[in-house]
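S.K.: File follows, coords-v2.tsv with TSV, C-alpha atoms:
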```
chain	number	residue	atom	x	y	z
A	1	GLU	CA	86.50	63.46	123.47
A	2	MET	CA	84.33	64.56	120.59
A	3	GLY	CA	87.41	65.04	118.46
A	4	SER	CA	88.76	61.58	119.30
A	5	GLN	CA	85.40	59.95	118.59
A	6	ALA	CA	85.18	61.56	115.20
A	7	GLY	CA	88.83	60.94	114.46
A	8	ASN	CA	88.94	64.30	112.74
A	9	LYS	CA	91.53	67.02	112.71
A	10	PRO	CA	91.04	69.76	115.33
A	11	ARG	CA	88.63	72.46	114.24
A	12	ARG	CA	90.43	75.29	112.49
A	13	LYS	CA	90.41	78.47	114.53
A	14	ARG	CA	88.78	81.46	112.89
A	15	ARG	CA	90.91	84.55	112.42
A	16	ARG	CA	89.96	88.20	112.75
A	17	ALA	CA	90.85	91.17	110.55
A	18	LEU	CA	90.18	94.82	111.33
A	19	PHE	CA	89.79	97.15	108.35
A	20	ILE	CA	90.42	100.86	108.91
A	21	TYR	CA	89.54	103.31	106.14
A	22	ALA	CA	88.36	106.84	105.46
A	23	SER	CA	84.62	106.93	104.88
A	24	GLU	CA	83.34	109.78	102.70
A	25	PHE	CA	79.65	110.67	102.83
A	26	TYR	CA	79.28	110.29	99.05
A	27	PHE	CA	82.11	108.03	97.86
A	28	SER	CA	85.30	106.61	99.29
A	29	GLY	CA	87.86	104.76	97.23
A	30	GLN	CA	89.26	103.38	100.47
A	31	ARG	CA	85.87	102.03	101.48
A	32	ARG	CA	85.31	100.51	98.04
A	33	ALA	CA	88.72	98.82	98.08
A	34	THR	CA	88.01	97.50	101.57
A	35	GLU	CA	84.68	96.05	100.47
A	36	TYR	CA	86.41	94.23	97.61
A	37	ILE	CA	88.82	92.60	100.07
A	38	ILE	CA	86.06	91.64	102.49
A	39	ALA	CA	84.01	90.17	99.65
A	40	GLY	CA	87.03	88.12	98.62
A	41	LEU	CA	87.36	86.76	102.15
A	42	ALA	CA	83.71	85.72	102.35
A	43	GLY	CA	83.34	82.03	103.11
A	44	THR	CA	86.89	81.72	104.46
A	45	LYS	CA	88.15	81.40	108.04
A	46	TRP	CA	88.39	85.20	108.36
A	47	ASP	CA	85.96	87.33	110.36
A	48	CYS	CA	86.13	90.91	109.07
A	49	VAL	CA	85.36	93.98	111.16
A	50	ARG	CA	85.09	97.51	109.73
A	51	GLN	CA	86.26	100.71	111.42
A	52	PRO	CA	85.43	103.75	109.24
A	53	MET	CA	87.26	106.98	110.05
A	54	PRO	CA	85.86	110.51	109.61
A	55	THR	CA	87.20	112.63	106.78
A	56	TYR	CA	88.18	116.29	106.95
A	57	HIS	CA	86.90	118.68	104.26
A	58	ARG	CA	88.48	122.12	103.86
A	59	ARG	CA	85.66	124.64	103.48
A	60	GLU	CA	84.96	128.30	104.11
A	61	LEU	CA	84.31	127.80	107.83
A	62	ALA	CA	87.45	125.73	108.27
A	63	LEU	CA	87.74	126.23	112.04
A	64	LYS	CA	84.26	124.88	112.75
A	65	GLU	CA	84.81	121.99	110.39
A	66	MET	CA	88.14	121.19	112.02
A	67	PHE	CA	86.64	121.04	115.54
A	68	LYS	CA	83.84	118.82	114.25
A	69	TRP	CA	86.36	116.51	112.59
A	70	LEU	CA	88.60	116.33	115.67
A	71	PHE	CA	85.63	115.43	117.84
A	72	LEU	CA	84.51	112.65	115.49
A	73	LEU	CA	88.11	111.50	115.11
A	74	SER	CA	88.59	111.23	118.88
A	75	LEU	CA	85.51	108.98	119.04
A	76	ALA	CA	86.85	106.82	116.19
A	77	TRP	CA	90.27	106.53	117.85
A	78	ARG	CA	88.61	105.52	121.11
A	79	GLN	CA	86.61	102.84	119.32
A	80	THR	CA	89.73	101.65	117.47
A	81	ARG	CA	91.66	101.35	120.73
A	82	LYS	CA	88.81	99.37	122.29
A	83	MET	CA	88.66	96.97	119.35
A	84	MET	CA	92.42	96.48	119.33
A	85	GLY	CA	92.07	95.17	122.87
A	86	GLU	CA	89.65	92.50	121.65
A	87	GLY	CA	92.40	90.79	119.68
A	88	PHE	CA	92.89	90.82	115.91
A	89	ASP	CA	95.27	88.83	113.76
A	90	VAL	CA	95.55	91.56	111.13
A	91	ALA	CA	94.88	95.30	111.01
A	92	HIS	CA	94.50	96.55	107.44
A	93	ILE	CA	94.99	100.32	107.35
A	94	ASN	CA	94.25	102.42	104.26
A	95	LEU	CA	96.64	105.36	104.20
A	96	GLY	CA	96.15	108.50	102.13
A	97	GLN	CA	98.72	111.28	101.87
A	98	SER	CA	96.91	114.39	103.06
A	99	TRP	CA	97.89	115.85	106.43
A	100	ALA	CA	94.53	114.73	107.81
A	101	SER	CA	95.06	111.17	106.63
A	102	LEU	CA	98.62	110.94	107.95
A	103	VAL	CA	97.41	112.05	111.38
A	104	ARG	CA	94.24	109.93	111.32
A	105	GLU	CA	95.71	106.66	110.07
A	106	GLY	CA	99.12	107.28	111.61
A	107	ALA	CA	97.46	107.19	115.01
A	108	ALA	CA	95.73	103.95	114.03
A	109	VAL	CA	99.14	102.42	113.29
A	110	LEU	CA	100.33	103.49	116.75
A	111	LEU	CA	97.20	102.06	118.41
A	112	ALA	CA	97.80	98.74	116.65
A	113	LYS	CA	101.53	98.67	117.38
A	114	PHE	CA	101.16	99.38	121.10
A	115	SER	CA	98.04	97.29	121.78
A	116	ASP	CA	98.29	94.44	124.28
A	117	GLU	CA	98.18	91.89	121.46
A	118	PRO	CA	99.61	93.73	118.42
A	119	PRO	CA	98.15	92.49	115.12
A	120	ARG	CA	100.09	92.20	111.90
A	121	ILE	CA	99.72	95.60	110.24
A	122	ILE	CA	99.10	95.87	106.51
A	123	VAL	CA	99.21	99.38	105.06
A	124	SER	CA	97.66	100.14	101.67
A	125	LEU	CA	98.80	103.43	100.15
A	126	HIS	CA	96.17	105.46	98.31
A	127	GLY	CA	97.28	108.23	95.97
A	128	SER	CA	100.67	109.28	94.65
A	129	TRP	CA	101.45	112.60	96.34
A	130	PHE	CA	104.38	111.04	98.16
A	131	MET	CA	106.15	110.58	94.83
A	132	GLU	CA	106.94	114.33	94.94
A	133	TRP	CA	108.04	114.50	98.58
A	134	ARG	CA	111.61	114.88	99.73
A	135	PRO	CA	112.64	111.97	101.99
A	136	ASP	CA	113.53	114.40	104.78
A	137	SER	CA	110.14	116.17	104.74
A	138	VAL	CA	107.73	115.87	107.67
A	139	ARG	CA	105.05	114.14	105.63
A	140	ALA	CA	107.54	111.66	104.18
A	141	SER	CA	108.77	110.87	107.71
A	142	MET	CA	105.21	110.28	108.91
A	143	LEU	CA	104.41	107.99	105.99
A	144	ALA	CA	107.72	106.13	106.31
A	145	TYR	CA	107.04	105.54	110.02
A	146	CYS	CA	103.70	103.90	109.21
A	147	VAL	CA	105.29	101.72	106.55
A	148	ARG	CA	108.28	100.70	108.67
A	149	HIS	CA	106.01	99.49	111.45
A	150	SER	CA	103.87	97.40	109.12
A	151	ALA	CA	104.33	93.78	108.12
A	152	ALA	CA	103.50	94.64	104.51
A	153	VAL	CA	102.58	97.64	102.38
A	154	THR	CA	100.73	97.73	99.06
A	155	VAL	CA	101.39	100.29	96.33
A	156	LEU	CA	99.96	100.89	92.85
A	157	GLY	CA	103.02	100.32	90.69
A	158	GLU	CA	106.76	99.84	90.33
A	159	ASP	CA	107.50	103.56	90.49
A	160	GLN	CA	105.85	103.81	93.89
A	161	ARG	CA	107.72	100.73	95.10
A	162	ASP	CA	111.02	102.19	93.91
A	163	LYS	CA	110.24	105.49	95.65
A	164	LEU	CA	109.73	103.76	98.99
A	165	MET	CA	112.88	101.72	98.45
A	166	SER	CA	114.82	104.95	97.86
A	167	TRP	CA	113.71	105.96	101.36
A	168	GLY	CA	115.38	102.83	102.72
A	169	LEU	CA	112.30	100.61	102.97
A	170	PRO	CA	112.92	96.91	102.23
A	171	ARG	CA	111.75	95.60	98.85
A	172	GLU	CA	110.34	92.37	100.30
A	173	LYS	CA	107.83	94.35	102.38
A	174	ILE	CA	106.38	96.23	99.39
A	175	HIS	CA	103.72	94.57	97.24
A	176	ILE	CA	102.30	95.95	93.98
A	177	ILE	CA	98.53	95.81	93.47
A	178	ASP	CA	97.53	97.52	90.24
A	179	ASN	CA	94.55	99.86	90.11
A	180	CYS	CA	91.49	98.10	88.77
A	181	CYS	CA	87.87	98.81	87.98
A	182	ASP	CA	84.94	96.48	87.41
A	183	LEU	CA	82.49	99.18	86.28
A	184	PRO	CA	81.03	99.25	82.77
A	185	PRO	CA	81.94	102.17	80.46
A	186	ILE	CA	80.06	105.39	81.16
A	187	ASP	CA	78.86	107.88	78.58
A	188	TRP	CA	79.15	111.67	78.88
A	189	PRO	CA	75.55	112.46	80.03
A	190	ASP	CA	75.82	109.91	82.82
A	191	LEU	CA	79.19	111.35	83.83
A	192	GLU	CA	77.74	114.87	84.01
A	193	ARG	CA	74.81	113.57	86.08
A	194	LYS	CA	77.15	111.88	88.56
A	195	HIS	CA	79.18	115.08	88.97
A	196	THR	CA	75.98	117.06	89.51
A	197	GLU	CA	74.83	114.60	92.18
A	198	ARG	CA	78.22	114.88	93.88
A	199	ARG	CA	78.06	118.70	93.94
A	200	VAL	CA	74.56	118.57	95.42
A	201	ALA	CA	75.67	116.06	98.06
A	202	ILE	CA	78.60	118.30	99.04
A	203	ALA	CA	76.31	121.34	99.22
A	204	MET	CA	73.87	119.47	101.45
A	205	ASP	CA	76.69	118.41	103.74
A	206	VAL	CA	77.95	122.00	103.97
A	207	ARG	CA	74.43	123.14	104.82
A	208	SER	CA	74.13	120.53	107.56
A	209	ALA	CA	77.54	121.36	109.03
A	210	THR	CA	77.18	125.14	108.98
A	211	SER	CA	73.39	125.64	109.30
A	212	LEU	CA	73.57	128.12	106.42
A	213	PRO	CA	70.76	128.32	103.83
A	214	LEU	CA	71.40	126.32	100.67
A	215	VAL	CA	71.56	128.58	97.60
```
Kindly transcribe the structure held in the file into structure tokens.
M.R.:
Amino acid sequence: EMGSQAGNKPRRKRRRALFIYASEFYFSGQRRATEYIIAGLAGTKWDCVRQPMPTYHRRELALKEMFKWLFLLSLAWRQTRKMMGEGFDVAHINLGQSWASLVREGAAVLLAKFSDEPPRIIVSLHGSWFMEWRPDSVRASMLAYCVRHSAAVTVLGEDQRDKLMSWGLPREKIHIIDNCCDLPPIDWPDLERKHTERRVAIAMDVRSATSLPLV
């Protein structure tokens, strides 16, 4: 009745997008790229929801770190499965090429694909390690599975697109988004300071994870 009185078009339904990305404790290119997309969608009909995923760092006490990562990952997967059940139009999944990333985000692709209301899956590839992989390798098969079950995949250039096409992936599914940066130029002292801050942050994280004294 309200619509007929106003004589207006029906209200446009809002859409929902779930963003899945690796979240480093100091910096994450996947998180930064995700924030750019979300900022670009601000003020549109899209509601954006973030699902950060824990990262795995290979350190001296690798076994302890691995158990910690698996525990945090199981919690993230559980949360992802719960959110998939809430209904999303799109699931945007950032996919690296380490073993940890292929397992972590590969499972996210499966959770999206087999949810009650499967969203359209968009996979964004980060890195270029796969350019050196044989198409019959395990890692190439895992990556190809994620891409094949997506509605679209983004890569960083024509060479990466051609590589995926050589694996039998359709050209029309692959979209090129060039690397970009909106940061001002940085001089050498500032660069050294940023690297020092990163090393300190990593050392502090190691101390927290292992309870060893920081030296």
S.K.: Return the single residue from A:Trp188, A:Phe88, A:Trp77, A:Tyr145 that is closest to Leu102 in chain A, with distances computed using all atoms listed in the file.
M.R.: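 Distance minimum relative to Leu102 in chain A lands on A:Tyr145.
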S.K.: Could you give me, as a ChimeraX atom specification, the residues within 8 Å of Arg14 in chain A, counting all atoms listed in the file and dropping anything in the same chain fewer than 3 positions from it?
M.R.: /A:45-47
S.K.: What's the 12 Å shell around Leu41 in chain A, counting all atoms listed in the file, without same-chain residues fewer than 6 positions away, as a PyMOL selection string?
M.R.: chain A and resi 15-17+34-35+47-49
S.K.: Got a sec: who's within 7 Å of Val153 in chain A, counting all atoms listed in the file, leaving out chain neighbours fewer than 3 positions off, as a PyMOL selection string?
M.R.: chain A and resi 122-124+147+150+173-175
S.K.: Smallest atom-to-atom distance to Leu169 in chain A: which of A:Ala42, A:Ala151, A:Leu111, A:Leu72, using only C-alpha atoms?
M.R.: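 Using only C-alpha atoms, the shortest distance to Leu169 in chain A belongs to A:Ala151.
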S.K.: When you draw a straight line from CA of Pro184 in chain A to CA of Val155 in chain A, how long is it in Å?
M.R.: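 It comes out at 24.5 Å.
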S.K.: Rounded to one decimal, what separation in Å do you get between CA of Phe19 in chain A and CA of Thr80 in chain A?
M.R.: 10.2 Å
S.K.: Pick the closest to Trp133 in chain A from A:Ser28, A:Gln160, A:Leu63, A:Ala107: which is it, counting all atoms listed in the file?
M.R.: A:Gln160
S.K.: Provide the CA of Glu172 in chain A to CA of Ala152 in chain A distance in Å, to one decimal place.
M.R.: 8.3 Å
S.K.: Can you pull out every residue within 8 Å of Ala22 in chain A, counting all atoms listed in the file, but drop anything in the same chain fewer than 3 positions away, and send it as an MDAnalysis selection string?
M.R.: chainID A and resid 28 30:31 52:55 94
S.K.: As a PDB file with C-alpha atoms, in the coordinates of the input, please: the residues near Glu132 in chain A (cut-off 12 Å, only C-alpha atoms, same-chain neighbours under 2 positions excluded).
M.R.:
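So result39.pdb came out as:
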```pdb
ATOM      1  CA  GLN A  97      98.720 111.280 101.870  1.00  0.00           C
ATOM      2  CA  GLY A 127      97.280 108.230  95.970  1.00  0.00           C
ATOM      3  CA  SER A 128     100.670 109.280  94.650  1.00  0.00           C
ATOM      4  CA  TRP A 129     101.450 112.600  96.340  1.00  0.00           C
ATOM      5  CA  PHE A 130     104.380 111.040  98.160  1.00  0.00           C
ATOM      6  CA  ARG A 134     111.610 114.880  99.730  1.00  0.00           C
ATOM      7  CA  PRO A 135     112.640 111.970 101.990  1.00  0.00           C
ATOM      8  CA  ASP A 136     113.530 114.400 104.780  1.00  0.00           C
ATOM      9  CA  SER A 137     110.140 116.170 104.740  1.00  0.00           C
ATOM     10  CA  ARG A 139     105.050 114.140 105.630  1.00  0.00           C
ATOM     11  CA  ALA A 140     107.540 111.660 104.180  1.00  0.00           C
ATOM     12  CA  ASP A 159     107.500 103.560  90.490  1.00  0.00           C
ATOM     13  CA  GLN A 160     105.850 103.810  93.890  1.00  0.00           C
ATOM     14  CA  LYS A 163     110.240 105.490  95.650  1.00  0.00           C
ATOM     15  CA  LEU A 164     109.730 103.760  98.990  1.00  0.00           C
TER      16      LEU A 164
END
```
S.K.: Of the candidates A:Glu117, A:Asp89, A:Cys146, A:Tyr36, which shows the shortest atom-to-atom distance to Lys13 in chain A, using only C-alpha atoms?
M.R.: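 Looking at the shortest contact to Lys13 in chain A, the residue is A:Asp89.
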S.K.: So which residues fall inside 7 Å of (92.6, 99.5, 114.4) if we count all atoms listed in the file? Mind giving them as an mmCIF file with C-alpha atoms, keeping the file's coordinate frame?
M.R.:
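Result file is result_36.cif:
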```cif
data_model
loop_
_atom_site.group_PDB
_atom_site.id
_atom_site.type_symbol
_atom_site.label_atom_id
_atom_site.label_comp_id
_atom_site.auth_asym_id
_atom_site.auth_seq_id
_atom_site.Cartn_x
_atom_site.Cartn_y
_atom_site.Cartn_z
ATOM 1 C CA LEU A 18 90.180 94.820 111.330
ATOM 2 C CA ILE A 20 90.420 100.860 108.910
ATOM 3 C CA THR A 80 89.730 101.650 117.470
ATOM 4 C CA ARG A 81 91.660 101.350 120.730
ATOM 5 C CA MET A 83 88.660 96.970 119.350
ATOM 6 C CA MET A 84 92.420 96.480 119.330
ATOM 7 C CA ALA A 91 94.880 95.300 111.010
ATOM 8 C CA ALA A 108 95.730 103.950 114.030
ATOM 9 C CA LEU A 111 97.200 102.060 118.410
ATOM 10 C CA ALA A 112 97.800 98.740 116.650
#
```
